[in-house]
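See below for final-v1.cif, which holds mmCIF, C-alpha atoms.
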```
data_work
#
loop_
_atom_site.group_PDB
_atom_site.id
_atom_site.type_symbol
_atom_site.label_atom_id
_atom_site.label_comp_id
_atom_site.auth_asym_id
_atom_site.auth_seq_id
_atom_site.Cartn_x
_atom_site.Cartn_y
_atom_site.Cartn_z
ATOM 1 C CA MET B 988 0.000 0.000 0.000
ATOM 2 C CA GLU B 989 1.243 3.478 -0.868
ATOM 3 C CA SER B 990 2.593 5.381 2.126
ATOM 4 C CA VAL B 991 0.685 8.426 3.347
ATOM 5 C CA ASP B 992 1.504 11.282 5.686
ATOM 6 C CA PHE B 993 -1.668 10.956 7.757
ATOM 7 C CA ASP B 994 -4.608 8.659 8.310
ATOM 8 C CA LEU B 995 -6.952 11.652 8.215
ATOM 9 C CA ILE B 996 -6.773 15.288 7.136
ATOM 10 C CA ILE B 997 -9.499 17.651 8.332
ATOM 11 C CA CYS B 998 -9.761 20.836 6.283
ATOM 12 C CA GLY B 999 -11.412 23.414 8.516
ATOM 13 C CA GLY B 1000 -10.651 24.175 12.150
ATOM 14 C CA GLY B 1001 -14.007 25.524 13.256
ATOM 15 C CA PRO B 1002 -16.327 23.860 15.785
ATOM 16 C CA VAL B 1003 -17.036 20.878 13.492
ATOM 17 C CA GLY B 1004 -13.436 20.238 12.469
ATOM 18 C CA GLN B 1005 -12.018 20.579 15.974
ATOM 19 C CA SER B 1006 -14.768 18.406 17.473
ATOM 20 C CA VAL B 1007 -14.226 15.595 14.958
ATOM 21 C CA ALA B 1008 -10.455 15.686 15.509
ATOM 22 C CA GLY B 1009 -10.818 15.652 19.286
ATOM 23 C CA LEU B 1010 -13.373 12.852 19.385
ATOM 24 C CA LEU B 1011 -11.370 10.606 17.053
ATOM 25 C CA ALA B 1012 -8.213 11.160 19.102
ATOM 26 C CA ARG B 1013 -10.103 10.260 22.261
ATOM 27 C CA ARG B 1014 -11.311 7.080 20.553
ATOM 28 C CA GLN B 1015 -7.784 5.754 20.099
ATOM 29 C CA LEU B 1016 -7.046 6.951 16.569
ATOM 30 C CA PRO B 1017 -3.377 8.041 16.802
ATOM 31 C CA ALA B 1018 -3.575 11.790 17.328
ATOM 32 C CA ALA B 1019 -0.362 12.537 15.431
ATOM 33 C CA ARG B 1020 -1.900 10.836 12.383
ATOM 34 C CA ILE B 1021 -4.764 13.374 12.355
ATOM 35 C CA ALA B 1022 -3.949 16.653 10.603
ATOM 36 C CA LEU B 1023 -6.131 19.692 11.237
ATOM 37 C CA VAL B 1024 -5.687 22.408 8.607
ATOM 38 C CA ASP B 1025 -7.204 25.878 8.889
ATOM 39 C CA MET B 1026 -6.379 29.194 7.252
ATOM 40 C CA LYS B 1027 -6.874 31.091 10.529
ATOM 41 C CA SER B 1028 -4.736 30.971 13.628
ATOM 42 C CA PRO B 1029 -6.459 29.959 16.901
ATOM 43 C CA GLU B 1030 -6.316 33.604 17.984
ATOM 44 C CA GLN B 1031 -8.057 34.782 14.810
ATOM 45 C CA ALA B 1032 -10.731 32.085 15.132
ATOM 46 C CA ALA B 1033 -11.376 33.056 18.760
ATOM 47 C CA ALA B 1034 -12.095 36.649 17.673
ATOM 48 C CA ASP B 1035 -15.015 35.613 15.424
ATOM 49 C CA PRO B 1036 -17.993 37.752 16.613
ATOM 50 C CA ARG B 1037 -20.782 35.691 15.032
ATOM 51 C CA THR B 1038 -23.505 33.884 16.971
ATOM 52 C CA ILE B 1039 -24.040 30.122 16.864
ATOM 53 C CA ALA B 1040 -27.028 28.117 18.099
ATOM 54 C CA LEU B 1041 -26.095 24.779 19.637
ATOM 55 C CA SER B 1042 -28.473 21.872 20.169
ATOM 56 C CA TYR B 1043 -28.484 19.951 23.433
ATOM 57 C CA GLY B 1044 -26.777 17.105 21.552
ATOM 58 C CA SER B 1045 -23.963 19.499 20.610
ATOM 59 C CA ARG B 1046 -23.580 20.398 24.270
ATOM 60 C CA GLN B 1047 -23.105 16.708 25.087
ATOM 61 C CA ILE B 1048 -20.327 16.448 22.489
ATOM 62 C CA LEU B 1049 -18.629 19.595 23.790
ATOM 63 C CA ASP B 1050 -18.970 18.279 27.329
ATOM 64 C CA GLU B 1051 -17.255 15.029 26.364
ATOM 65 C CA LEU B 1052 -14.396 17.032 24.858
ATOM 66 C CA GLY B 1053 -14.024 19.097 28.038
ATOM 67 C CA ALA B 1054 -14.969 22.351 26.282
ATOM 68 C CA TRP B 1055 -18.474 22.972 27.572
ATOM 69 C CA ASP B 1056 -17.652 24.505 30.959
ATOM 70 C CA ASP B 1057 -15.908 27.464 29.302
ATOM 71 C CA ILE B 1058 -18.641 27.886 26.691
ATOM 72 C CA GLY B 1059 -21.490 27.468 29.180
ATOM 73 C CA ARG B 1060 -20.366 30.405 31.324
ATOM 74 C CA SER B 1061 -21.488 32.909 28.672
ATOM 75 C CA ALA B 1062 -24.011 30.872 26.640
ATOM 76 C CA THR B 1063 -27.747 31.552 26.942
ATOM 77 C CA ALA B 1064 -29.994 28.524 27.382
ATOM 78 C CA ILE B 1065 -33.031 28.051 25.128
ATOM 79 C CA GLU B 1066 -35.779 26.535 27.259
ATOM 80 C CA GLN B 1067 -38.710 27.188 24.937
ATOM 81 C CA ILE B 1068 -39.125 27.640 21.166
ATOM 82 C CA HIS B 1069 -42.185 29.501 19.891
ATOM 83 C CA VAL B 1070 -42.906 28.555 16.254
ATOM 84 C CA SER B 1071 -45.432 30.413 14.079
ATOM 85 C CA ARG B 1072 -46.201 31.345 10.486
ATOM 86 C CA ARG B 1073 -46.992 34.884 9.478
ATOM 87 C CA GLY B 1074 -50.581 35.349 8.365
ATOM 88 C CA HIS B 1075 -51.722 31.968 9.681
ATOM 89 C CA PHE B 1076 -53.582 31.044 12.858
ATOM 90 C CA GLY B 1077 -52.014 28.928 15.577
ATOM 91 C CA ARG B 1078 -48.549 28.289 16.901
ATOM 92 C CA THR B 1079 -46.386 25.536 18.381
ATOM 93 C CA LEU B 1080 -44.516 25.899 21.657
ATOM 94 C CA LEU B 1081 -41.686 23.466 22.363
ATOM 95 C CA ASP B 1082 -40.649 23.253 26.017
ATOM 96 C CA ARG B 1083 -37.609 21.574 27.545
ATOM 97 C CA LYS B 1084 -39.803 20.174 30.339
ATOM 98 C CA ASP B 1085 -41.667 18.025 27.814
ATOM 99 C CA TYR B 1086 -38.382 16.272 26.996
ATOM 100 C CA GLN B 1087 -36.880 16.216 30.511
ATOM 101 C CA LEU B 1088 -33.886 18.276 29.362
ATOM 102 C CA PRO B 1089 -32.110 21.189 31.074
ATOM 103 C CA ALA B 1090 -32.396 23.095 27.767
ATOM 104 C CA LEU B 1091 -33.406 22.548 24.155
ATOM 105 C CA GLY B 1092 -30.290 24.358 23.011
ATOM 106 C CA TYR B 1093 -27.920 27.236 23.668
ATOM 107 C CA VAL B 1094 -26.890 30.495 22.010
ATOM 108 C CA ALA B 1095 -23.159 31.182 22.128
ATOM 109 C CA ARG B 1096 -20.459 33.282 20.514
ATOM 110 C CA TYR B 1097 -18.765 31.457 17.651
ATOM 111 C CA GLY B 1098 -15.376 32.711 18.779
ATOM 112 C CA GLU B 1099 -15.915 31.431 22.311
ATOM 113 C CA VAL B 1100 -16.719 27.961 20.974
ATOM 114 C CA ASN B 1101 -13.576 28.010 18.830
ATOM 115 C CA ARG B 1102 -11.428 29.150 21.737
ATOM 116 C CA ALA B 1103 -12.763 26.544 24.166
ATOM 117 C CA LEU B 1104 -12.320 23.713 21.662
ATOM 118 C CA ALA B 1105 -8.779 24.809 20.781
ATOM 119 C CA SER B 1106 -7.905 24.722 24.465
ATOM 120 C CA ALA B 1107 -9.566 21.323 24.943
ATOM 121 C CA ILE B 1108 -7.706 19.591 22.101
ATOM 122 C CA ALA B 1109 -4.354 21.337 22.579
ATOM 123 C CA SER B 1110 -2.886 18.519 24.694
ATOM 124 C CA LEU B 1111 -4.046 15.595 22.530
ATOM 125 C CA GLY B 1112 -1.018 15.616 20.227
ATOM 126 C CA LEU B 1113 -2.857 16.385 16.971
ATOM 127 C CA SER B 1114 -0.928 17.601 13.927
ATOM 128 C CA LEU B 1115 -2.167 21.182 13.888
ATOM 129 C CA MET B 1116 -1.464 23.314 10.817
ATOM 130 C CA ARG B 1117 -2.795 26.762 11.621
ATOM 131 C CA PRO B 1118 -2.618 29.033 9.763
ATOM 132 C CA ALA B 1119 -2.382 27.019 6.562
ATOM 133 C CA GLU B 1120 -4.671 27.217 3.551
ATOM 134 C CA ALA B 1121 -5.780 24.152 1.583
ATOM 135 C CA GLN B 1122 -6.048 25.125 -2.082
ATOM 136 C CA GLN B 1123 -6.683 21.836 -3.835
ATOM 137 C CA ILE B 1124 -7.928 18.334 -2.991
ATOM 138 C CA GLU B 1125 -7.326 15.467 -5.407
ATOM 139 C CA GLU B 1126 -8.475 11.867 -5.100
ATOM 140 C CA GLU B 1127 -5.948 9.213 -6.165
ATOM 141 C CA ASP B 1128 -6.303 5.426 -6.301
ATOM 142 C CA GLN B 1129 -4.915 4.813 -2.811
ATOM 143 C CA HIS B 1130 -5.000 8.198 -1.120
ATOM 144 C CA VAL B 1131 -6.243 11.779 -1.171
ATOM 145 C CA ALA B 1132 -3.767 14.615 -1.776
ATOM 146 C CA VAL B 1133 -4.239 18.070 -0.260
ATOM 147 C CA THR B 1134 -2.145 20.874 -1.720
ATOM 148 C CA LEU B 1135 -1.512 23.813 0.591
ATOM 149 C CA LYS B 1136 -0.982 27.408 -0.477
ATOM 150 C CA ASP B 1137 2.676 27.264 0.548
ATOM 151 C CA GLY B 1138 3.285 24.382 -1.880
ATOM 152 C CA ARG B 1139 3.261 21.465 0.527
ATOM 153 C CA VAL B 1140 1.304 18.370 -0.500
ATOM 154 C CA LEU B 1141 -0.224 16.241 2.259
ATOM 155 C CA ARG B 1142 -1.457 12.700 1.641
ATOM 156 C CA ALA B 1143 -3.989 10.779 3.698
ATOM 157 C CA HIS B 1144 -6.356 7.826 3.473
ATOM 158 C CA LEU B 1145 -9.304 10.130 4.100
ATOM 159 C CA VAL B 1146 -10.072 13.866 3.960
ATOM 160 C CA ILE B 1147 -12.944 15.570 5.761
ATOM 161 C CA GLN B 1148 -13.922 18.940 4.327
ATOM 162 C CA ALA B 1149 -15.279 20.991 7.229
ATOM 163 C CA GLU B 1150 -14.665 24.465 5.890
ATOM 164 C CA GLY B 1151 -17.262 27.124 6.526
ATOM 165 C CA GLY B 1152 -16.545 30.725 7.311
ATOM 166 C CA VAL B 1153 -17.957 34.024 6.118
ATOM 167 C CA PHE B 1154 -19.329 33.672 2.583
ATOM 168 C CA GLY B 1155 -17.417 36.665 1.212
ATOM 169 C CA GLU B 1156 -14.116 35.147 2.388
ATOM 170 C CA GLN B 1157 -14.642 31.795 0.678
ATOM 171 C CA GLN B 1158 -13.034 30.946 -2.615
ATOM 172 C CA HIS B 1159 -15.136 30.784 -5.761
ATOM 173 C CA LYS B 1160 -16.513 27.244 -6.075
ATOM 174 C CA THR B 1161 -16.853 25.433 -9.395
ATOM 175 C CA LEU B 1162 -20.234 23.997 -8.416
ATOM 176 C CA GLN B 1163 -22.729 26.522 -7.098
ATOM 177 C CA ARG B 1164 -26.451 26.771 -6.464
ATOM 178 C CA ASP B 1165 -28.184 30.069 -5.903
ATOM 179 C CA TYR B 1166 -31.131 29.639 -3.518
ATOM 180 C CA GLN B 1167 -32.175 33.285 -3.906
ATOM 181 C CA GLN B 1168 -31.888 33.811 -0.177
ATOM 182 C CA LEU B 1169 -30.056 36.473 1.772
ATOM 183 C CA GLY B 1170 -29.498 36.323 5.519
ATOM 184 C CA ILE B 1171 -29.417 39.364 7.802
ATOM 185 C CA ILE B 1172 -27.901 38.891 11.239
ATOM 186 C CA ALA B 1173 -27.990 41.443 14.041
ATOM 187 C CA HIS B 1174 -28.443 41.831 17.785
ATOM 188 C CA VAL B 1175 -31.691 43.522 18.747
ATOM 189 C CA GLN B 1176 -33.387 44.473 21.977
ATOM 190 C CA ALA B 1177 -37.088 44.315 22.751
ATOM 191 C CA ASP B 1178 -39.537 45.347 25.444
ATOM 192 C CA GLY B 1179 -40.936 42.513 27.519
ATOM 193 C CA VAL B 1180 -38.230 39.948 26.849
ATOM 194 C CA ILE B 1181 -39.355 36.420 27.752
ATOM 195 C CA ALA B 1182 -36.322 34.794 29.344
ATOM 196 C CA HIS B 1183 -34.875 31.769 27.560
ATOM 197 C CA ARG B 1184 -37.559 31.679 24.859
ATOM 198 C CA ALA B 1185 -36.530 31.573 21.187
ATOM 199 C CA PHE B 1186 -38.865 32.540 18.368
ATOM 200 C CA GLU B 1187 -38.991 31.085 14.871
ATOM 201 C CA ARG B 1188 -41.420 32.678 12.443
ATOM 202 C CA PHE B 1189 -41.930 31.454 8.901
ATOM 203 C CA THR B 1190 -42.711 34.038 6.235
ATOM 204 C CA ASP B 1191 -43.317 33.953 2.487
ATOM 205 C CA GLU B 1192 -39.681 34.906 1.873
ATOM 206 C CA GLY B 1193 -37.989 32.684 4.444
ATOM 207 C CA PRO B 1194 -37.674 32.009 8.179
ATOM 208 C CA LEU B 1195 -36.987 34.641 10.817
ATOM 209 C CA ALA B 1196 -35.439 33.645 14.137
ATOM 210 C CA LEU B 1197 -34.897 35.576 17.364
ATOM 211 C CA LEU B 1198 -32.551 33.718 19.705
ATOM 212 C CA PRO B 1199 -32.197 34.833 23.338
ATOM 213 C CA GLN B 1200 -28.730 36.204 23.970
ATOM 214 C CA ASP B 1201 -27.380 38.460 26.691
ATOM 215 C CA ASP B 1202 -29.838 41.356 27.168
ATOM 216 C CA GLY B 1203 -31.688 40.879 23.877
ATOM 217 C CA TYR B 1204 -31.906 38.609 20.857
ATOM 218 C CA ALA B 1205 -29.636 37.408 18.097
ATOM 219 C CA LEU B 1206 -31.570 37.981 14.877
ATOM 220 C CA VAL B 1207 -31.317 35.690 11.846
ATOM 221 C CA TRP B 1208 -33.621 36.871 9.058
ATOM 222 C CA CYS B 1209 -33.720 35.003 5.738
ATOM 223 C CA LEU B 1210 -35.363 36.710 2.762
ATOM 224 C CA ARG B 1211 -35.045 37.368 -0.954
ATOM 225 C CA PRO B 1212 -31.963 39.355 -2.049
ATOM 226 C CA ALA B 1213 -33.933 42.346 -3.325
ATOM 227 C CA THR B 1214 -35.831 42.681 -0.035
ATOM 228 C CA GLY B 1215 -32.639 42.224 1.955
ATOM 229 C CA GLU B 1216 -30.863 44.971 0.060
ATOM 230 C CA GLN B 1217 -33.775 47.331 0.655
ATOM 231 C CA LEU B 1218 -33.739 46.586 4.385
ATOM 232 C CA MET B 1219 -29.982 47.041 4.649
ATOM 233 C CA ALA B 1220 -30.347 50.507 3.122
ATOM 234 C CA LEU B 1221 -32.741 51.645 5.866
ATOM 235 C CA GLU B 1222 -31.852 53.602 8.981
ATOM 236 C CA ASP B 1223 -32.111 51.719 12.277
ATOM 237 C CA ALA B 1224 -35.624 53.002 13.007
ATOM 238 C CA GLY B 1225 -36.928 51.932 9.600
ATOM 239 C CA PHE B 1226 -35.282 48.534 9.851
ATOM 240 C CA LEU B 1227 -36.732 47.890 13.299
ATOM 241 C CA ALA B 1228 -40.190 48.964 12.094
ATOM 242 C CA ALA B 1229 -39.970 46.485 9.201
ATOM 243 C CA LEU B 1230 -38.821 43.782 11.595
ATOM 244 C CA GLN B 1231 -41.742 44.500 13.935
ATOM 245 C CA ARG B 1232 -44.237 44.293 11.064
ATOM 246 C CA THR B 1233 -42.860 40.947 9.941
ATOM 247 C CA PHE B 1234 -42.419 39.469 13.382
ATOM 248 C CA GLY B 1235 -45.679 40.662 14.919
ATOM 249 C CA VAL B 1236 -46.322 41.514 18.566
ATOM 250 C CA GLN B 1237 -45.229 38.315 20.324
ATOM 251 C CA LEU B 1238 -42.858 40.330 22.491
ATOM 252 C CA ASN B 1239 -45.539 42.835 23.544
ATOM 253 C CA ILE B 1240 -46.438 41.416 26.960
ATOM 254 C CA PRO B 1241 -49.978 42.924 27.377
ATOM 255 C CA ARG B 1242 -51.019 41.775 23.905
ATOM 256 C CA MET B 1243 -49.387 38.387 24.353
ATOM 257 C CA PHE B 1244 -51.215 37.886 27.644
ATOM 258 C CA ALA B 1245 -54.540 38.782 26.012
ATOM 259 C CA ALA B 1246 -53.904 36.409 23.101
ATOM 260 C CA LEU B 1247 -52.955 33.519 25.378
ATOM 261 C CA LEU B 1248 -55.980 34.156 27.546
ATOM 262 C CA LEU B 1249 -58.311 34.163 24.538
ATOM 263 C CA ILE B 1250 -56.823 30.871 23.253
ATOM 264 C CA SER B 1251 -57.116 29.288 26.694
ATOM 265 C CA LEU B 1252 -60.755 30.294 27.127
ATOM 266 C CA THR B 1253 -61.589 29.106 23.604
ATOM 267 C CA GLY B 1254 -59.892 25.780 24.365
ATOM 268 C CA VAL B 1255 -61.934 25.327 27.537
ATOM 269 C CA ALA B 1256 -65.166 26.141 25.692
ATOM 270 C CA LEU B 1257 -64.352 23.670 22.925
ATOM 271 C CA PHE B 1258 -63.507 20.963 25.467
ATOM 272 C CA VAL B 1259 -66.842 21.433 27.289
ATOM 273 C CA LEU B 1260 -68.758 21.429 23.989
ATOM 274 C CA MET B 1261 -67.029 18.285 22.688
ATOM 275 C CA ALA B 1262 -67.483 16.489 26.023
ATOM 276 C CA TRP B 1263 -71.195 17.292 25.952
ATOM 277 C CA LEU B 1264 -71.580 16.087 22.343
ATOM 278 C CA THR B 1265 -69.668 12.900 23.128
ATOM 279 C CA LYS B 1266 -71.893 12.166 26.099
ATOM 280 C CA LEU B 1267 -74.997 12.903 24.065
ATOM 281 C CA ALA B 1268 -74.023 10.666 21.146
ATOM 282 C CA LEU B 1269 -72.125 7.812 22.777
ATOM 283 C CA GLY B 1270 -74.219 7.752 25.936
ATOM 284 C CA SER B 1271 -77.374 6.811 24.035
ATOM 285 C CA TRP B 1272 -75.457 4.231 21.981
ATOM 286 C CA HIS B 1273 -73.974 2.650 25.112
ATOM 287 C CA ALA B 1274 -77.411 2.495 26.815
ATOM 288 C CA SER B 1275 -78.909 0.731 23.786
ATOM 289 C CA GLU B 1276 -76.103 -1.818 23.851
ATOM 290 C CA LEU B 1277 -76.676 -2.499 27.534
ATOM 291 C CA SER B 1278 -80.398 -3.084 26.969
ATOM 292 C CA GLN B 1279 -79.572 -5.857 24.486
ATOM 293 C CA ASP B 1280 -77.392 -7.840 26.936
#
```

Let's see the structure in the file written out as structure tokens.
Amino acid sequence: MESVDFDLIICGGGPVGQSVAGLLARRQLPAARIALVDMKSPEQAAADPRTIALSYGSRQILDELGAWDDIGRSATAIEQIHVSRRGHFGRTLLDRKDYQLPALGYVARYGEVNRALASAIASLGLSLMRPAEAQQIEEEDQHVAVTLKDGRVLRAHLVIQAEGGVFGEQQHKTLQRDYQQLGIIAHVQADGVIAHRAFERFTDEGPLALLPQDDGYALVWCLRPATGEQLMALEDAGFLAALQRTFGVQLNIPRMFAALLLISLTGVALFVLMAWLTKLALGSWHASELSQD
């Protein structure tokens, strides 16, 4: 068999790449035979200001790697998720209590996750190549070759491509698909914040999410490019007004209380009505059956 430099090369040193490398090393794959390649240094990755939403399953992985304690100090737990569709009646409310979990997920800083993972895997003996940029990946008969920007060629039995990053910083890809979606991210504040509740609202142009973070919400708003460009051109007041129109008044506590009260009273009325109809219909049927015995 042709000799290789590594058993595995992971291109991308973000949360996914670092987690895969750490877990494999902890499962007895020789750490020195795992190469982790990323174009950013650990310090640059730790300065990433973006927000990331982590599922409870992701927390379990990070906990196993010894990274969760650092991340958990500043992460905001999601205990409820309110799901609705604009212009349609009804909603769904997911609650951690229904699943016997401490949280459904968490909202954290991307940089904090990177920093905690880098610290957790630092002592495992992995072959870390940071900063180093992978420019080309070629599949051969017995191995995969990764060519770095500095001219080095690394060979391995397997390559995992875990590169993400900011879209504008990525290289032009040969294969592309335009989904006609633009995402706006921001941090917004609201009156009447409901602690640890996330909101997901579906619209005709795409989903809108408000994730609890610090003293407000991390906003992720997906829409068509033309609409997104119009919104980005607005002043803050105009943007927030457009957001309020699209999102509705779920964060207006007096109106929310009135809406919940109306739904609750309607539900009670429907239950009483259906119970009465059931007794009226099935009670007569059951009595007729008894008379035949």

Tell me which protein, DNA and RNA residues are within 8 Å of Leu995 (chain B), counting all atoms listed in the file, leaving out same-chain ones fewer than 5 positions away, and put them as a compact mmCIF listing (two decimals) with C-alpha atoms, in the frame of the given file.
```txt
# COMPACT_ATOMS: atom_id res chain seq x y z
CA ARG B 1020 -1.90 10.84 12.38
CA ILE B 1021 -4.76 13.37 12.36
CA ALA B 1022 -3.95 16.65 10.60
CA ALA B 1143 -3.99 10.78 3.70
CA HIS B 1144 -6.36 7.83 3.47
CA LEU B 1145 -9.30 10.13 4.10
CA VAL B 1146 -10.07 13.87 3.96
CA ILE B 1147 -12.94 15.57 5.76
```

* **Gap from CA of Asp1035 (chain B) to CA of Arg1096 (chain B) - Å, one decimal** => 7.8 Å

* **Resolved residues for the PyMOL selection byres ((chain B and resi 1167) around 10) as a ChimeraX atom specification** => /B:1164-1166,1168-1169,1192,1209-1213

* To do: List, as a list in words, every residue that the PyMOL selection byres ((chain B and resi 1045-1048) around 10) selects in the file provided.
  => Ser1006, Val1007, Leu1010, Ala1040, Leu1041, Ser1042, Tyr1043, Gly1044, Leu1049, Asp1050, Glu1051, Leu1052, Gly1053, Ala1054, Trp1055, Asp1056, Ile1058, Gly1059, Ala1090, Gly1092 and Tyr1093 of chain B

Once you have the residues from the selection above, write them out as an mmCIF file, in the coordinates of the input, restricted to C-alpha atoms.
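Writing the result to result08.cif gives the following:
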```cif
data_model
loop_
_atom_site.group_PDB
_atom_site.id
_atom_site.type_symbol
_atom_site.label_atom_id
_atom_site.label_comp_id
_atom_site.auth_asym_id
_atom_site.auth_seq_id
_atom_site.Cartn_x
_atom_site.Cartn_y
_atom_site.Cartn_z
ATOM 1 C CA SER B 1006 -14.768 18.406 17.473
ATOM 2 C CA VAL B 1007 -14.226 15.595 14.958
ATOM 3 C CA LEU B 1010 -13.373 12.852 19.385
ATOM 4 C CA ALA B 1040 -27.028 28.117 18.099
ATOM 5 C CA LEU B 1041 -26.095 24.779 19.637
ATOM 6 C CA SER B 1042 -28.473 21.872 20.169
ATOM 7 C CA TYR B 1043 -28.484 19.951 23.433
ATOM 8 C CA GLY B 1044 -26.777 17.105 21.552
ATOM 9 C CA LEU B 1049 -18.629 19.595 23.790
ATOM 10 C CA ASP B 1050 -18.970 18.279 27.329
ATOM 11 C CA GLU B 1051 -17.255 15.029 26.364
ATOM 12 C CA LEU B 1052 -14.396 17.032 24.858
ATOM 13 C CA GLY B 1053 -14.024 19.097 28.038
ATOM 14 C CA ALA B 1054 -14.969 22.351 26.282
ATOM 15 C CA TRP B 1055 -18.474 22.972 27.572
ATOM 16 C CA ASP B 1056 -17.652 24.505 30.959
ATOM 17 C CA ILE B 1058 -18.641 27.886 26.691
ATOM 18 C CA GLY B 1059 -21.490 27.468 29.180
ATOM 19 C CA ALA B 1090 -32.396 23.095 27.767
ATOM 20 C CA GLY B 1092 -30.290 24.358 23.011
ATOM 21 C CA TYR B 1093 -27.920 27.236 23.668
#
```

* Expected answer as a ChimeraX atom specification: all residues with atoms within 7 Å of (-5.1, 26.3, 7.4), only C-alpha atoms -> /B:1024-1027,1116-1121

* Report the residues retrieved by the PyMOL selection byres ((chain B and resi 1032) around 8) from the displayed file, expressed as JSON, numbers by chain. => {"B": [1001, 1027, 1028, 1029, 1030, 1031, 1033, 1034, 1035, 1098, 1101, 1102]}

* May I ask which of the residues B:Val1175, B:Leu1206, B:Ile1039, B:Leu1111 is the closest one to Pro1017 (chain B), counting all atoms listed in the file? =>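 Using all atoms listed in the file, Pro1017 (chain B) sits closest to B:Leu1111.
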
* To do: Write out as a ChimeraX atom specification the residues lying within 10 Å of Val1003 (chain B), counting only C-alpha atoms and excluding same-chain residues fewer than 5 positions away.
  => /B:997,1008-1009,1101,1104,1148-1151

* Please identify all polymer residues within 12 Å of Ala1229 (chain B), counting only C-alpha atoms, omitting same-chain residues fewer than 2 positions from it, and present them as a list in words. => Trp1208, Thr1214, Gly1215, Gln1217, Leu1218, Met1219, Leu1221, Glu1222, Asp1223, Ala1224, Gly1225, Phe1226, Leu1227, Gln1231, Arg1232, Thr1233, Phe1234 and Gly1235 of chain B

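Interatomic distance, CA of Arg1060 (chain B) to CA of Gly1179 (chain B): 24.2 Å.
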
* Do you know which residues are at most 7 Å from Val1133 (chain B) counting only C-alpha atoms, after dropping those on the same chain fewer than 4 positions away, and could you put them as a PyMOL selection string? -> chain B and resi 1121+1123-1125+1140-1142

* Interatomic distance between CA of Ile1108 (chain B) and CA of Gln1005 (chain B)? -> 7.6 Å

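Proximity of B:Arg1078, B:Arg1013, B:Arg1073, B:Lys1136 to Ser1110 (chain B), computed with only C-alpha atoms, is greatest for B:Arg1013.
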
* **Nearest candidate to Ala1185 (chain B) (options B:Tyr1204, B:Cys998, B:Ala1105, B:Leu1011; using all atoms listed in the file)** =>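 Checking each of B:Tyr1204, B:Cys998, B:Ala1105, B:Leu1011 against Ala1185 (chain B), counting all atoms listed in the file, the winner is B:Tyr1204.
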
* Counting all atoms listed in the file, the option among B:Ala1064, B:Ala1012, B:Ala1132, B:Ala1019 closest to Asp1201 (chain B) ->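 Result for the nearest residue to Asp1201 (chain B): B:Ala1064.
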
Please give the centre and size of the box around region 1118-1122 of chain B (axis-aligned, containing every atom listed in the file, 6 Å added per side), with values in Å to one decimal and written as JSON.
```
{"center_x": -4.2, "center_y": 26.6, "center_z": 3.8, "size_x": 15.7, "size_y": 16.9, "size_z": 23.8}
```

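Closest to Pro1089 (chain B) among B:His1183, B:Arg1188, B:His1130, B:Arg1139 is B:His1183, based on only C-alpha atoms.
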
* **For Glu1187 (chain B), the nearest of the candidates B:Asp992, B:Val1207, B:His1075, B:Ala1095, counting all atoms listed in the file** =>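 Closest candidate: B:Val1207.
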